[in-house]
file target.csv (CSV, C-alpha atoms)
chain,number,residue,atom,x,y,z
I,1,MET,CA,20.1,-14.6,-8.8
I,2,THR,CA,20.0,-11.2,-10.5
I,3,GLY,CA,17.4,-11.8,-13.2
I,4,PRO,CA,14.8,-14.4,-14.3
I,5,GLU,CA,16.2,-17.4,-16.1
I,6,ALA,CA,14.5,-19.3,-18.8
I,7,SER,CA,11.3,-21.1,-17.7
I,8,THR,CA,11.8,-24.8,-16.8
I,9,PRO,CA,8.8,-26.8,-17.9
I,10,VAL,CA,7.6,-29.1,-15.2
I,11,THR,CA,4.7,-31.4,-14.7
I,12,VAL,CA,2.7,-30.9,-11.5
I,13,CYS,CA,1.3,-34.2,-10.4
I,14,ARG,CA,-1.4,-34.6,-7.8
I,15,LEU,CA,-0.1,-37.0,-5.1
I,16,ARG,CA,-1.0,-38.1,-1.6
I,17,TRP,CA,0.1,-35.9,1.3
I,18,ASP,CA,2.3,-38.8,2.5
I,19,ASP,CA,4.0,-39.5,-0.8
I,20,PRO,CA,7.7,-39.9,-0.2
I,21,ASP,CA,8.6,-37.1,-2.7
I,22,ALA,CA,6.1,-34.7,-1.0
I,23,VAL,CA,7.5,-35.6,2.4
I,24,ALA,CA,11.1,-35.1,1.3
I,25,LEU,CA,10.3,-31.7,-0.2
I,26,ARG,CA,8.5,-30.5,3.0
I,27,ALA,CA,11.5,-31.7,5.1
I,28,ALA,CA,13.8,-29.7,2.9
I,29,MET,CA,11.6,-26.6,3.3
I,30,THR,CA,11.5,-27.1,7.1
I,31,GLY,CA,15.3,-27.3,7.1
I,32,GLU,CA,15.7,-24.1,5.1
I,33,LEU,CA,13.2,-22.2,7.3
I,34,ARG,CA,15.0,-23.4,10.5
I,35,GLN,CA,18.1,-21.7,9.2
I,36,ARG,CA,16.3,-18.6,8.2
I,37,TYR,CA,14.8,-18.2,11.6
I,38,ALA,CA,17.7,-19.7,13.6
I,39,ASP,CA,18.0,-16.7,15.9
I,40,ARG,CA,14.5,-17.2,17.1
I,41,PRO,CA,14.8,-20.6,18.8
I,42,TYR,CA,11.6,-20.1,20.9
I,43,ASP,CA,9.5,-18.9,18.0
I,44,PRO,CA,7.9,-21.8,16.3
I,45,ILE,CA,8.5,-22.0,12.6
I,46,HIS,CA,5.4,-24.1,12.1
I,47,LEU,CA,2.5,-24.7,14.4
I,48,PRO,CA,2.2,-28.3,15.6
I,49,PRO,CA,0.7,-30.4,12.8
I,50,ALA,CA,-2.3,-31.2,15.0
I,51,ARG,CA,-3.3,-27.5,15.0
I,52,VAL,CA,-3.0,-27.1,11.2
I,53,LEU,CA,-3.4,-30.4,9.5
I,54,LEU,CA,-6.6,-31.7,10.8
I,55,PRO,CA,-7.7,-35.2,9.7
I,56,GLY,CA,-9.6,-34.9,6.4
I,57,SER,CA,-8.6,-31.3,5.8
I,58,MET,CA,-6.0,-31.9,3.1
I,59,ALA,CA,-7.6,-31.5,-0.3
I,60,TRP,CA,-4.8,-31.5,-2.8
I,61,THR,CA,-1.0,-32.0,-2.8
I,62,GLY,CA,1.0,-31.2,-6.0
I,63,VAL,CA,4.6,-32.0,-6.7
I,64,ALA,CA,6.5,-30.4,-9.6
I,65,TYR,CA,8.7,-32.8,-11.6
I,66,THR,CA,11.2,-32.0,-14.3
I,67,ALA,CA,11.3,-33.9,-17.6
I,68,ASP,CA,13.8,-36.4,-16.0
I,69,ALA,CA,11.3,-37.1,-13.1
I,70,THR,CA,13.2,-35.0,-10.5
I,71,PRO,CA,10.9,-33.6,-7.8
I,72,VAL,CA,11.7,-29.9,-7.6
I,73,GLY,CA,8.6,-28.2,-6.0
I,74,HIS,CA,5.7,-28.7,-3.7
I,75,ALA,CA,2.4,-27.0,-2.9
I,76,ALA,CA,-0.7,-28.3,-1.1
I,77,LEU,CA,-4.2,-27.1,-0.3
I,78,ARG,CA,-6.2,-27.8,2.9
I,79,TRP,CA,-9.7,-26.8,3.8
I,80,HIS,CA,-9.8,-23.8,6.2
I,81,GLY,CA,-13.5,-23.2,6.6
I,82,PRO,CA,-15.0,-22.3,3.2
I,83,ASP,CA,-11.5,-21.4,1.9
I,84,LEU,CA,-8.6,-23.5,0.7
I,85,GLU,CA,-5.3,-22.7,2.4
I,86,LEU,CA,-2.1,-22.9,0.4
I,87,LYS,CA,0.4,-25.0,2.5
I,88,ARG,CA,4.1,-25.8,2.2
I,89,MET,CA,4.8,-23.9,-1.1
I,90,TYR,CA,8.4,-24.7,-1.9
I,91,VAL,CA,10.8,-24.9,-4.8
I,92,VAL,CA,14.3,-26.5,-4.4
I,93,PRO,CA,16.9,-23.7,-4.3
I,94,ALA,CA,18.8,-24.9,-7.4
I,95,HIS,CA,15.6,-24.6,-9.5
I,96,ARG,CA,14.3,-21.2,-8.3
I,97,GLY,CA,13.9,-18.4,-10.7
I,98,ARG,CA,12.7,-20.7,-13.5
I,99,GLY,CA,9.0,-20.2,-13.2
I,100,ILE,CA,8.3,-23.4,-11.2
I,101,ALA,CA,6.6,-21.5,-8.4
I,102,ASP,CA,4.3,-19.9,-10.9
I,103,GLN,CA,3.4,-23.3,-12.3
I,104,LEU,CA,2.7,-24.6,-8.8
I,105,LEU,CA,0.5,-21.6,-8.0
I,106,ASP,CA,-1.4,-22.0,-11.2
I,107,ALA,CA,-2.0,-25.7,-10.5
I,108,ALA,CA,-3.1,-24.9,-7.0
I,109,ARG,CA,-5.5,-22.2,-8.3
I,110,GLU,CA,-6.9,-24.6,-10.9
I,111,ALA,CA,-7.4,-27.3,-8.2
I,112,ALA,CA,-9.1,-24.8,-5.9
I,113,GLY,CA,-11.5,-23.8,-8.7
I,114,GLN,CA,-12.3,-27.4,-9.3
I,115,PHE,CA,-13.1,-27.9,-5.6
I,116,GLY,CA,-15.4,-24.8,-5.8
I,117,ALA,CA,-13.5,-22.7,-3.3
I,118,GLY,CA,-14.0,-18.9,-3.5
I,119,ARG,CA,-10.6,-18.0,-2.1
I,120,ILE,CA,-7.1,-19.4,-1.5
I,121,VAL,CA,-5.6,-18.1,1.8
I,122,LEU,CA,-2.1,-18.5,3.0
I,123,GLN,CA,0.3,-17.6,5.8
I,124,THR,CA,4.0,-16.8,5.5
I,125,GLY,CA,6.6,-15.3,7.7
I,126,ASP,CA,8.2,-11.9,8.0
I,127,ARG,CA,11.6,-13.3,6.8
I,128,GLN,CA,10.2,-14.6,3.5
I,129,PRO,CA,10.1,-11.5,1.3
I,130,ASP,CA,10.8,-13.6,-1.8
I,131,ALA,CA,7.6,-15.5,-1.1
I,132,VAL,CA,5.6,-12.3,-0.4
I,133,ARG,CA,6.7,-10.8,-3.7
I,134,ARG,CA,5.7,-14.0,-5.6
I,135,TYR,CA,2.3,-14.0,-3.9
I,136,LEU,CA,1.7,-10.3,-4.7
I,137,ARG,CA,2.7,-10.8,-8.3
I,138,ALA,CA,0.2,-13.8,-8.5
I,139,GLY,CA,-2.7,-11.6,-7.3
I,140,TYR,CA,-2.8,-12.4,-3.6
I,141,ARG,CA,-3.6,-9.5,-1.3
I,142,PRO,CA,-2.8,-8.9,2.4
I,143,VAL,CA,-5.6,-10.0,4.8
I,144,PRO,CA,-5.7,-9.9,8.6
I,145,VAL,CA,-3.8,-12.7,10.3
I,146,PHE,CA,-6.2,-15.6,10.8
I,147,PRO,CA,-6.3,-18.4,13.3
I,148,PRO,CA,-4.4,-20.5,14.0
I,149,TYR,CA,-1.5,-18.2,12.8
I,150,ASP,CA,-2.5,-15.4,15.1
I,151,ALA,CA,-0.4,-17.4,17.7
I,152,LEU,CA,2.7,-16.7,15.5
I,153,PRO,CA,3.8,-13.1,16.1
I,154,TYR,CA,5.6,-12.8,12.7
I,155,SER,CA,2.9,-14.1,10.5
I,156,ARG,CA,1.8,-12.4,7.3
I,157,CYS,CA,-1.4,-13.6,5.6
I,158,TYR,CA,-2.7,-13.2,2.1
I,159,ALA,CA,-5.8,-14.2,0.0
I,160,LEU,CA,-6.6,-14.7,-3.6
I,161,VAL,CA,-10.2,-14.5,-4.8
I,162,ILE,CA,-10.7,-17.2,-7.4
I,163,HIS,CA,-13.6,-18.2,-9.6
I,164,PRO,CA,-14.7,-21.8,-9.3
I,165,SER,CA,-14.3,-23.8,-12.5
I,166,ALA,CA,-17.4,-24.6,-14.3
I,167,PRO,CA,-18.1,-28.3,-14.2
I,168,ARG,CA,-16.9,-30.0,-17.3
I,169,LYS,CA,-19.9,-31.3,-19.3
I,170,ALA,CA,-19.7,-34.6,-21.1
I,171,PRO,CA,-20.1,-34.4,-24.8
I,172,VAL,CA,-23.6,-34.9,-26.0
I,173,PRO,CA,-23.9,-37.6,-28.7
I,174,ALA,CA,-25.3,-36.3,-32.0
call {"tool": "encode", "arguments": {"input": "target.csv", "output": "C-alpha coordinates"}}
result
Amino acid sequence: MTGPEASTPVTVCRLRWDDPDAVALRAAMTGELRQRYADRPYDPIHLPPARVLLPGSMAWTGVAYTADATPVGHAALRWHGPDLELKRMYVVPAHRGRGIADQLLDAAREAAGQFGAGRIVLQTGDRQPDAVRRYLRAGYRPVPVFPPYDALPYSRCYALVIHPSAPRKAPVPA
(Lines of atoms letter the chains of each structure in order from A and count residues from 1; the text may use other names and numbers.)
(Lines give C-alpha, C1' and ligand atoms only; values in the text may rest on other atoms or scores of the structure.)
Protein backbone atom coordinates (compact mmCIF):
# COMPACT_ATOMS: atom_id res chain seq x y z
CA MET A 1 0.00 0.00 0.00
CA THR A 2 1.47 3.34 -0.97
CA GLY A 3 -0.74 5.65 1.04
CA PRO A 4 -3.37 5.61 3.74
CA GLU A 5 -6.83 4.59 2.64
CA ALA A 6 -10.07 5.87 4.06
CA SER A 7 -10.67 4.87 7.65
CA THR A 8 -12.88 1.85 8.16
CA PRO A 9 -15.12 2.24 11.17
CA VAL A 10 -15.04 -0.81 13.38
CA THR A 11 -16.50 -1.73 16.71
CA VAL A 12 -13.99 -3.09 19.20
CA CYS A 13 -15.75 -5.61 21.41
CA ARG A 14 -14.37 -6.95 24.65
CA LEU A 15 -14.35 -10.74 24.48
CA ARG A 16 -12.96 -13.68 26.39
CA TRP A 17 -9.39 -14.70 25.47
CA ASP A 18 -10.73 -18.07 24.28
CA ASP A 19 -13.51 -16.62 22.09
CA PRO A 20 -13.40 -18.38 18.67
CA ASP A 21 -12.94 -15.09 16.74
CA ALA A 22 -10.03 -14.08 18.99
CA VAL A 23 -8.45 -17.52 18.69
CA ALA A 24 -8.77 -17.47 14.88
CA LEU A 25 -7.18 -14.01 14.61
CA ARG A 26 -4.25 -15.05 16.81
CA ALA A 27 -3.76 -18.18 14.67
CA ALA A 28 -3.67 -16.02 11.53
CA MET A 29 -1.09 -13.76 13.18
CA THR A 30 1.07 -16.74 14.15
CA GLY A 31 0.94 -18.05 10.57
CA GLU A 32 2.01 -14.70 9.19
CA LEU A 33 4.88 -14.40 11.68
CA ARG A 34 6.09 -17.93 10.91
CA GLN A 35 6.45 -16.88 7.26
CA ARG A 36 8.19 -13.62 8.17
CA TYR A 37 10.72 -15.43 10.34
CA ALA A 38 10.91 -18.65 8.26
CA ASP A 39 14.69 -18.51 7.88
CA ARG A 40 15.10 -18.65 11.66
CA PRO A 41 13.69 -22.11 12.36
CA TYR A 42 15.35 -22.37 15.77
CA ASP A 43 14.44 -18.87 16.92
CA PRO A 44 11.08 -19.04 18.68
CA ILE A 45 8.54 -16.60 17.32
CA HIS A 46 6.61 -16.65 20.55
CA LEU A 47 7.67 -17.85 23.91
CA PRO A 48 5.79 -20.88 25.20
CA PRO A 49 2.38 -19.70 26.47
CA ALA A 50 3.17 -20.92 29.98
CA ARG A 51 5.96 -18.29 30.17
CA VAL A 52 3.81 -15.40 28.99
CA LEU A 53 0.14 -16.14 29.58
CA LEU A 54 0.06 -16.91 33.25
CA PRO A 55 -3.29 -17.94 34.73
CA GLY A 56 -5.25 -14.88 35.70
CA SER A 57 -2.90 -12.47 33.91
CA MET A 58 -5.17 -11.67 30.94
CA ALA A 59 -7.06 -8.48 31.68
CA TRP A 60 -8.72 -7.59 28.39
CA THR A 61 -9.16 -8.97 24.88
CA GLY A 62 -10.58 -6.81 22.11
CA VAL A 63 -11.69 -7.87 18.64
CA ALA A 64 -12.46 -5.31 15.92
CA TYR A 65 -15.56 -6.03 13.85
CA THR A 66 -16.68 -4.34 10.65
CA ALA A 67 -20.29 -3.24 10.19
CA ASP A 68 -21.10 -6.66 8.69
CA ALA A 69 -19.71 -8.42 11.82
CA THR A 70 -16.48 -9.59 10.18
CA PRO A 71 -13.64 -9.91 12.72
CA VAL A 72 -10.68 -7.96 11.31
CA GLY A 73 -8.40 -7.15 14.24
CA HIS A 74 -7.24 -8.27 17.67
CA ALA A 75 -5.45 -6.81 20.68
CA ALA A 76 -5.17 -7.99 24.26
CA LEU A 77 -3.77 -6.77 27.55
CA ARG A 78 -2.21 -8.89 30.26
CA TRP A 79 -0.82 -7.89 33.61
CA HIS A 80 2.96 -7.68 33.68
CA GLY A 81 3.76 -6.53 37.20
CA PRO A 82 2.15 -3.09 37.66
CA ASP A 83 1.98 -2.56 33.88
CA LEU A 84 -0.36 -3.93 31.27
CA GLU A 85 1.32 -5.59 28.31
CA LEU A 86 -0.15 -5.31 24.83
CA LYS A 87 -0.38 -8.81 23.36
CA ARG A 88 -1.17 -10.17 19.91
CA MET A 89 -1.88 -6.89 18.15
CA TYR A 90 -3.04 -7.90 14.69
CA VAL A 91 -5.08 -6.64 11.74
CA VAL A 92 -6.10 -8.94 8.88
CA PRO A 93 -3.92 -8.03 5.85
CA ALA A 94 -6.86 -7.14 3.58
CA HIS A 95 -7.96 -4.51 6.14
CA ARG A 96 -4.61 -2.86 6.89
CA GLY A 97 -4.06 0.81 6.17
CA ARG A 98 -7.61 1.73 7.16
CA GLY A 99 -7.12 2.94 10.72
CA ILE A 100 -8.17 -0.30 12.42
CA ALA A 101 -4.87 -0.67 14.28
CA ASP A 102 -5.29 2.85 15.66
CA GLN A 103 -8.80 2.00 16.84
CA LEU A 104 -7.52 -1.15 18.55
CA LEU A 105 -4.68 0.78 20.22
CA ASP A 106 -7.15 3.44 21.39
CA ALA A 107 -9.45 0.78 22.84
CA ALA A 108 -6.52 -0.91 24.61
CA ARG A 109 -5.33 2.44 26.01
CA GLU A 110 -8.83 3.21 27.29
CA ALA A 111 -9.12 -0.23 28.90
CA ALA A 112 -5.68 0.15 30.53
CA GLY A 113 -6.73 3.50 31.96
CA GLN A 114 -9.89 1.96 33.36
CA PHE A 115 -7.80 -0.77 34.99
CA GLY A 116 -5.63 1.92 36.59
CA ALA A 117 -2.38 0.93 34.88
CA GLY A 118 0.29 3.61 34.54
CA ARG A 119 1.90 2.11 31.44
CA ILE A 120 1.29 -0.22 28.57
CA VAL A 121 4.40 -2.16 27.58
CA LEU A 122 4.89 -4.36 24.54
CA GLN A 123 7.37 -6.57 22.75
CA THR A 124 7.73 -6.93 18.99
CA GLY A 125 10.35 -8.37 16.68
CA ASP A 126 13.08 -6.91 14.53
CA ARG A 127 11.24 -7.91 11.35
CA GLN A 128 8.11 -5.97 12.14
CA PRO A 129 9.05 -2.41 11.13
CA ASP A 130 5.42 -1.69 10.26
CA ALA A 131 4.43 -2.44 13.85
CA VAL A 132 7.30 -0.35 15.23
CA ARG A 133 6.22 2.66 13.12
CA ARG A 134 2.63 2.26 14.32
CA TYR A 135 3.67 2.12 17.97
CA LEU A 136 5.98 5.14 17.67
CA ARG A 137 3.22 7.17 15.99
CA ALA A 138 0.89 6.18 18.84
CA GLY A 139 3.32 7.58 21.43
CA TYR A 140 5.13 4.41 22.53
CA ARG A 141 8.83 4.85 23.26
CA PRO A 142 11.68 2.30 23.25
CA VAL A 143 12.51 0.71 26.59
CA PRO A 144 15.07 -1.96 27.54
CA VAL A 145 14.01 -5.50 26.65
CA PHE A 146 12.20 -6.89 29.68
CA PRO A 147 11.69 -10.46 30.89
CA PRO A 148 10.66 -12.88 29.61
CA TYR A 149 11.51 -11.44 26.18
CA ASP A 150 15.19 -11.08 27.01
CA ALA A 151 15.34 -14.77 25.99
CA LEU A 152 14.45 -13.75 22.41
CA PRO A 153 17.51 -12.18 20.75
CA TYR A 154 15.58 -10.08 18.24
CA SER A 155 13.09 -8.48 20.64
CA ARG A 156 12.24 -4.81 20.62
CA CYS A 157 10.28 -3.40 23.57
CA TYR A 158 8.26 -0.21 23.93
CA ALA A 159 6.15 1.52 26.56
CA LEU A 160 3.41 4.12 26.64
CA VAL A 161 2.75 6.14 29.78
CA ILE A 162 -0.98 6.46 30.26
CA HIS A 163 -3.14 8.35 32.65
CA PRO A 164 -5.63 6.17 34.48
CA SER A 165 -9.23 7.08 33.77
CA ALA A 166 -11.07 8.81 36.56
CA PRO A 167 -13.77 6.59 37.99
CA ARG A 168 -17.11 7.45 36.48
CA LYS A 169 -19.39 8.94 39.08
CA ALA A 170 -23.03 8.09 39.13
CA PRO A 171 -25.32 11.09 38.64
CA VAL A 172 -26.52 12.64 41.86
CA PRO A 173 -30.30 13.02 42.03
CA ALA A 174 -31.49 16.60 42.40
call {"tool": "atom_distance", "arguments": {"input": "target.csv", "atom1": "CA of Ala138 in chain I", "atom2": "CA of Arg40 in chain I"}}
result
29.5 Å
call {"tool": "closest_residue", "arguments": {"input": "target.csv", "among": "I:Val12, I:Ala27, I:Ala151, I:Ala159", "to": "Ala108 in chain I", "atoms": "all atoms listed in the file"}}
result
I:Val12
call {"tool": "closest_residue", "arguments": {"input": "target.csv", "among": "I:Trp17, I:Tyr65, I:Trp79, I:Tyr140", "to": "Leu105 in chain I", "atoms": "all atoms listed in the file"}}
result
I:Tyr140
call {"tool": "closest_residue", "arguments": {"input": "target.csv", "among": "I:Arg26, I:Tyr154, I:Arg141, I:Ala69", "to": "Val92 in chain I", "atoms": "all atoms listed in the file"}}
result
I:Arg26
call {"tool": "closest_residue", "arguments": {"input": "target.csv", "among": "I:Ile120, I:Ile162, I:Val23, I:Ala64", "to": "Pro142 in chain I", "atoms": "all atoms listed in the file"}}
result
I:Ile120
call {"tool": "atom_distance", "arguments": {"input": "target.csv", "atom1": "CA of His163 in chain I", "atom2": "CA of Leu77 in chain I"}}
result
15.9 Å
call {"tool": "residues_around", "arguments": {"input": "target.csv", "residues": "Pro71 in chain I", "least_positions_apart": "6", "cutoff": "12 Å", "atoms": "only C-alpha atoms", "output": "list in words"}}
result
Val10, Thr11, Val12, Cys13, Leu15, Asp19, Pro20, Asp21, Ala22, Val23, Ala24, Leu25, Arg26, Ala28, Gly62, Val63, Ala64, Tyr65, Tyr90, Val91, Val92, Ala94, His95 and Ile100 of chain I
call {"tool": "closest_residue", "arguments": {"input": "target.csv", "among": "I:Asp68, I:Ala76, I:Tyr149, I:Asp39", "to": "Asp18 in chain I", "atoms": "all atoms listed in the file"}}
result
I:Ala76
call {"tool": "axis_aligned_box", "arguments": {"input": "target.csv", "around": "range 112-125 of chain I", "padding_each_side": "6 Å", "output": "AutoDock Vina command-line options"}}
result
--center_x -4.4 --center_y -21.6 --center_z -0.8 --size_x 34.0 --size_y 24.6 --size_z 29.0
call {"tool": "closest_residue", "arguments": {"input": "target.csv", "among": "I:Glu32, I:Asp83, I:Asp102, I:Asp126", "to": "Pro9 in chain I", "atoms": "only C-alpha atoms"}}
result
I:Asp102
call {"tool": "atom_distance", "arguments": {"input": "target.csv", "atom1": "CA of Arg88 in chain I", "atom2": "CA of Gly73 in chain I"}}
result
9.7 Å
call {"tool": "decode", "arguments": {"input": "target.csv", "residues": "range 131-147 of chain I", "atoms": "all heavy atoms", "output": "mmCIF file, in the first residue's frame"}}
result
data_model
loop_
_atom_site.group_PDB
_atom_site.id
_atom_site.type_symbol
_atom_site.label_atom_id
_atom_site.label_comp_id
_atom_site.auth_asym_id
_atom_site.auth_seq_id
_atom_site.Cartn_x
_atom_site.Cartn_y
_atom_site.Cartn_z
ATOM 1 N N ALA I 131 4.955 -2.530 12.483
ATOM 2 C CA ALA I 131 4.434 -2.445 13.851
ATOM 3 C C ALA I 131 5.187 -1.370 14.638
ATOM 4 O O ALA I 131 4.573 -0.573 15.352
ATOM 5 C CB ALA I 131 4.544 -3.799 14.544
ATOM 6 N N VAL I 132 6.498 -1.344 14.495
ATOM 7 C CA VAL I 132 7.296 -0.348 15.225
ATOM 8 C C VAL I 132 6.854 1.063 14.839
ATOM 9 O O VAL I 132 6.657 1.916 15.712
ATOM 10 C CB VAL I 132 8.804 -0.558 14.962
ATOM 11 C CG1 VAL I 132 9.622 0.615 15.494
ATOM 12 C CG2 VAL I 132 9.267 -1.865 15.591
ATOM 13 N N ARG I 133 6.681 1.318 13.548
ATOM 14 C CA ARG I 133 6.225 2.656 13.118
ATOM 15 C C ARG I 133 4.871 2.996 13.738
ATOM 16 O O ARG I 133 4.643 4.117 14.190
ATOM 17 C CB ARG I 133 6.150 2.724 11.593
ATOM 18 C CG ARG I 133 7.491 2.880 10.919
ATOM 19 C CD ARG I 133 7.361 3.181 9.430
ATOM 20 N NE ARG I 133 6.654 2.136 8.697
ATOM 21 C CZ ARG I 133 7.221 1.050 8.194
ATOM 22 N NH1 ARG I 133 8.524 0.859 8.356
ATOM 23 N NH2 ARG I 133 6.510 0.159 7.528
ATOM 24 N N ARG I 134 3.962 2.042 13.742
ATOM 25 C CA ARG I 134 2.626 2.259 14.316
ATOM 26 C C ARG I 134 2.731 2.619 15.794
ATOM 27 O O ARG I 134 2.098 3.550 16.271
ATOM 28 C CB ARG I 134 1.774 0.999 14.125
ATOM 29 C CG ARG I 134 0.489 0.969 14.900
ATOM 30 C CD ARG I 134 -0.643 1.707 14.282
ATOM 31 N NE ARG I 134 -0.812 1.290 12.906
ATOM 32 C CZ ARG I 134 -1.194 2.121 11.940
ATOM 33 N NH1 ARG I 134 -1.456 3.376 12.212
ATOM 34 N NH2 ARG I 134 -1.325 1.708 10.696
ATOM 35 N N TYR I 135 3.540 1.861 16.532
ATOM 36 C CA TYR I 135 3.668 2.119 17.970
ATOM 37 C C TYR I 135 4.316 3.481 18.236
ATOM 38 O O TYR I 135 3.861 4.221 19.125
ATOM 39 C CB TYR I 135 4.461 1.001 18.652
ATOM 40 C CG TYR I 135 3.786 -0.345 18.549
ATOM 41 C CD1 TYR I 135 4.500 -1.481 18.222
ATOM 42 C CD2 TYR I 135 2.410 -0.492 18.773
ATOM 43 C CE1 TYR I 135 3.882 -2.717 18.126
ATOM 44 C CE2 TYR I 135 1.788 -1.723 18.670
ATOM 45 C CZ TYR I 135 2.528 -2.835 18.345
ATOM 46 O OH TYR I 135 1.914 -4.056 18.250
ATOM 47 N N LEU I 136 5.345 3.833 17.480
ATOM 48 C CA LEU I 136 5.983 5.140 17.666
ATOM 49 C C LEU I 136 4.998 6.273 17.378
ATOM 50 O O LEU I 136 4.943 7.254 18.126
ATOM 51 C CB LEU I 136 7.232 5.258 16.800
ATOM 52 C CG LEU I 136 8.404 4.366 17.211
ATOM 53 C CD1 LEU I 136 9.512 4.423 16.161
ATOM 54 C CD2 LEU I 136 8.925 4.740 18.592
ATOM 55 N N ARG I 137 4.224 6.135 16.304
ATOM 56 C CA ARG I 137 3.216 7.169 15.987
ATOM 57 C C ARG I 137 2.166 7.277 17.088
ATOM 58 O O ARG I 137 1.608 8.351 17.308
ATOM 59 C CB ARG I 137 2.536 6.858 14.655
ATOM 60 C CG ARG I 137 3.330 7.295 13.464
ATOM 61 C CD ARG I 137 2.494 7.352 12.191
ATOM 62 N NE ARG I 137 1.785 6.133 11.899
ATOM 63 C CZ ARG I 137 2.198 5.189 11.063
ATOM 64 N NH1 ARG I 137 3.337 5.330 10.422
ATOM 65 N NH2 ARG I 137 1.482 4.111 10.856
ATOM 66 N N ALA I 138 1.889 6.175 17.775
ATOM 67 C CA ALA I 138 0.887 6.177 18.842
ATOM 68 C C ALA I 138 1.456 6.662 20.175
ATOM 69 O O ALA I 138 0.731 6.707 21.170
ATOM 70 C CB ALA I 138 0.295 4.769 19.002
ATOM 71 N N GLY I 139 2.745 7.023 20.205
ATOM 72 C CA GLY I 139 3.324 7.576 21.429
ATOM 73 C C GLY I 139 4.153 6.605 22.248
ATOM 74 O O GLY I 139 4.687 6.982 23.296
ATOM 75 N N TYR I 140 4.282 5.373 21.819
ATOM 76 C CA TYR I 140 5.126 4.413 22.528
ATOM 77 C C TYR I 140 6.588 4.795 22.312
ATOM 78 O O TYR I 140 6.949 5.316 21.260
ATOM 79 C CB TYR I 140 4.897 2.992 22.002
ATOM 80 C CG TYR I 140 3.587 2.392 22.439
ATOM 81 C CD1 TYR I 140 2.395 2.735 21.798
ATOM 82 C CD2 TYR I 140 3.535 1.480 23.491
ATOM 83 C CE1 TYR I 140 1.185 2.192 22.197
ATOM 84 C CE2 TYR I 140 2.326 0.929 23.890
ATOM 85 C CZ TYR I 140 1.159 1.285 23.242
ATOM 86 O OH TYR I 140 -0.035 0.751 23.634
ATOM 87 N N ARG I 141 7.415 4.542 23.328
ATOM 88 C CA ARG I 141 8.834 4.851 23.256
ATOM 89 C C ARG I 141 9.648 3.609 23.581
ATOM 90 O O ARG I 141 9.219 2.775 24.393
ATOM 91 C CB ARG I 141 9.199 5.980 24.233
ATOM 92 C CG ARG I 141 8.518 7.304 23.886
ATOM 93 C CD ARG I 141 9.018 7.827 22.531
ATOM 94 N NE ARG I 141 8.255 8.956 22.046
ATOM 95 C CZ ARG I 141 7.456 8.941 20.984
ATOM 96 N NH1 ARG I 141 7.298 7.847 20.282
ATOM 97 N NH2 ARG I 141 6.819 10.017 20.600
ATOM 98 N N PRO I 142 10.850 3.471 22.968
ATOM 99 C CA PRO I 142 11.685 2.296 23.247
ATOM 100 C C PRO I 142 12.059 2.212 24.724
ATOM 101 O O PRO I 142 12.309 3.238 25.371
ATOM 102 C CB PRO I 142 12.930 2.533 22.391
ATOM 103 C CG PRO I 142 12.531 3.529 21.361
ATOM 104 C CD PRO I 142 11.460 4.375 21.990
ATOM 105 N N VAL I 143 12.066 0.993 25.228
ATOM 106 C CA VAL I 143 12.512 0.707 26.590
ATOM 107 C C VAL I 143 13.422 -0.518 26.514
ATOM 108 O O VAL I 143 13.392 -1.263 25.532
ATOM 109 C CB VAL I 143 11.331 0.445 27.561
ATOM 110 C CG1 VAL I 143 10.464 1.691 27.726
ATOM 111 C CG2 VAL I 143 10.500 -0.759 27.122
ATOM 112 N N PRO I 144 14.237 -0.747 27.542
ATOM 113 C CA PRO I 144 15.070 -1.955 27.539
ATOM 114 C C PRO I 144 14.197 -3.209 27.440
ATOM 115 O O PRO I 144 13.073 -3.245 27.955
ATOM 116 C CB PRO I 144 15.801 -1.897 28.884
ATOM 117 C CG PRO I 144 15.801 -0.444 29.246
ATOM 118 C CD PRO I 144 14.499 0.101 28.711
ATOM 119 N N VAL I 145 14.735 -4.232 26.777
ATOM 120 C CA VAL I 145 14.009 -5.497 26.650
ATOM 121 C C VAL I 145 13.799 -6.062 28.050
ATOM 122 O O VAL I 145 14.722 -6.128 28.856
ATOM 123 C CB VAL I 145 14.787 -6.488 25.761
ATOM 124 C CG1 VAL I 145 14.083 -7.833 25.701
ATOM 125 C CG2 VAL I 145 14.954 -5.908 24.360
ATOM 126 N N PHE I 146 12.564 -6.425 28.338
ATOM 127 C CA PHE I 146 12.204 -6.886 29.678
ATOM 128 C C PHE I 146 11.871 -8.382 29.654
ATOM 129 O O PHE I 146 11.500 -8.926 28.611
ATOM 130 C CB PHE I 146 11.043 -6.063 30.248
ATOM 131 C CG PHE I 146 9.827 -5.973 29.351
ATOM 132 C CD1 PHE I 146 8.822 -6.931 29.400
ATOM 133 C CD2 PHE I 146 9.681 -4.914 28.462
ATOM 134 C CE1 PHE I 146 7.709 -6.845 28.580
ATOM 135 C CE2 PHE I 146 8.571 -4.820 27.638
ATOM 136 C CZ PHE I 146 7.581 -5.785 27.698
ATOM 137 N N PRO I 147 12.018 -9.034 30.817
ATOM 138 C CA PRO I 147 11.687 -10.456 30.892
ATOM 139 C C PRO I 147 10.191 -10.669 30.622
ATOM 140 O O PRO I 147 9.394 -9.806 30.978
ATOM 141 C CB PRO I 147 12.018 -10.841 32.331
ATOM 142 C CG PRO I 147 12.955 -9.772 32.804
ATOM 143 C CD PRO I 147 12.574 -8.526 32.055
#
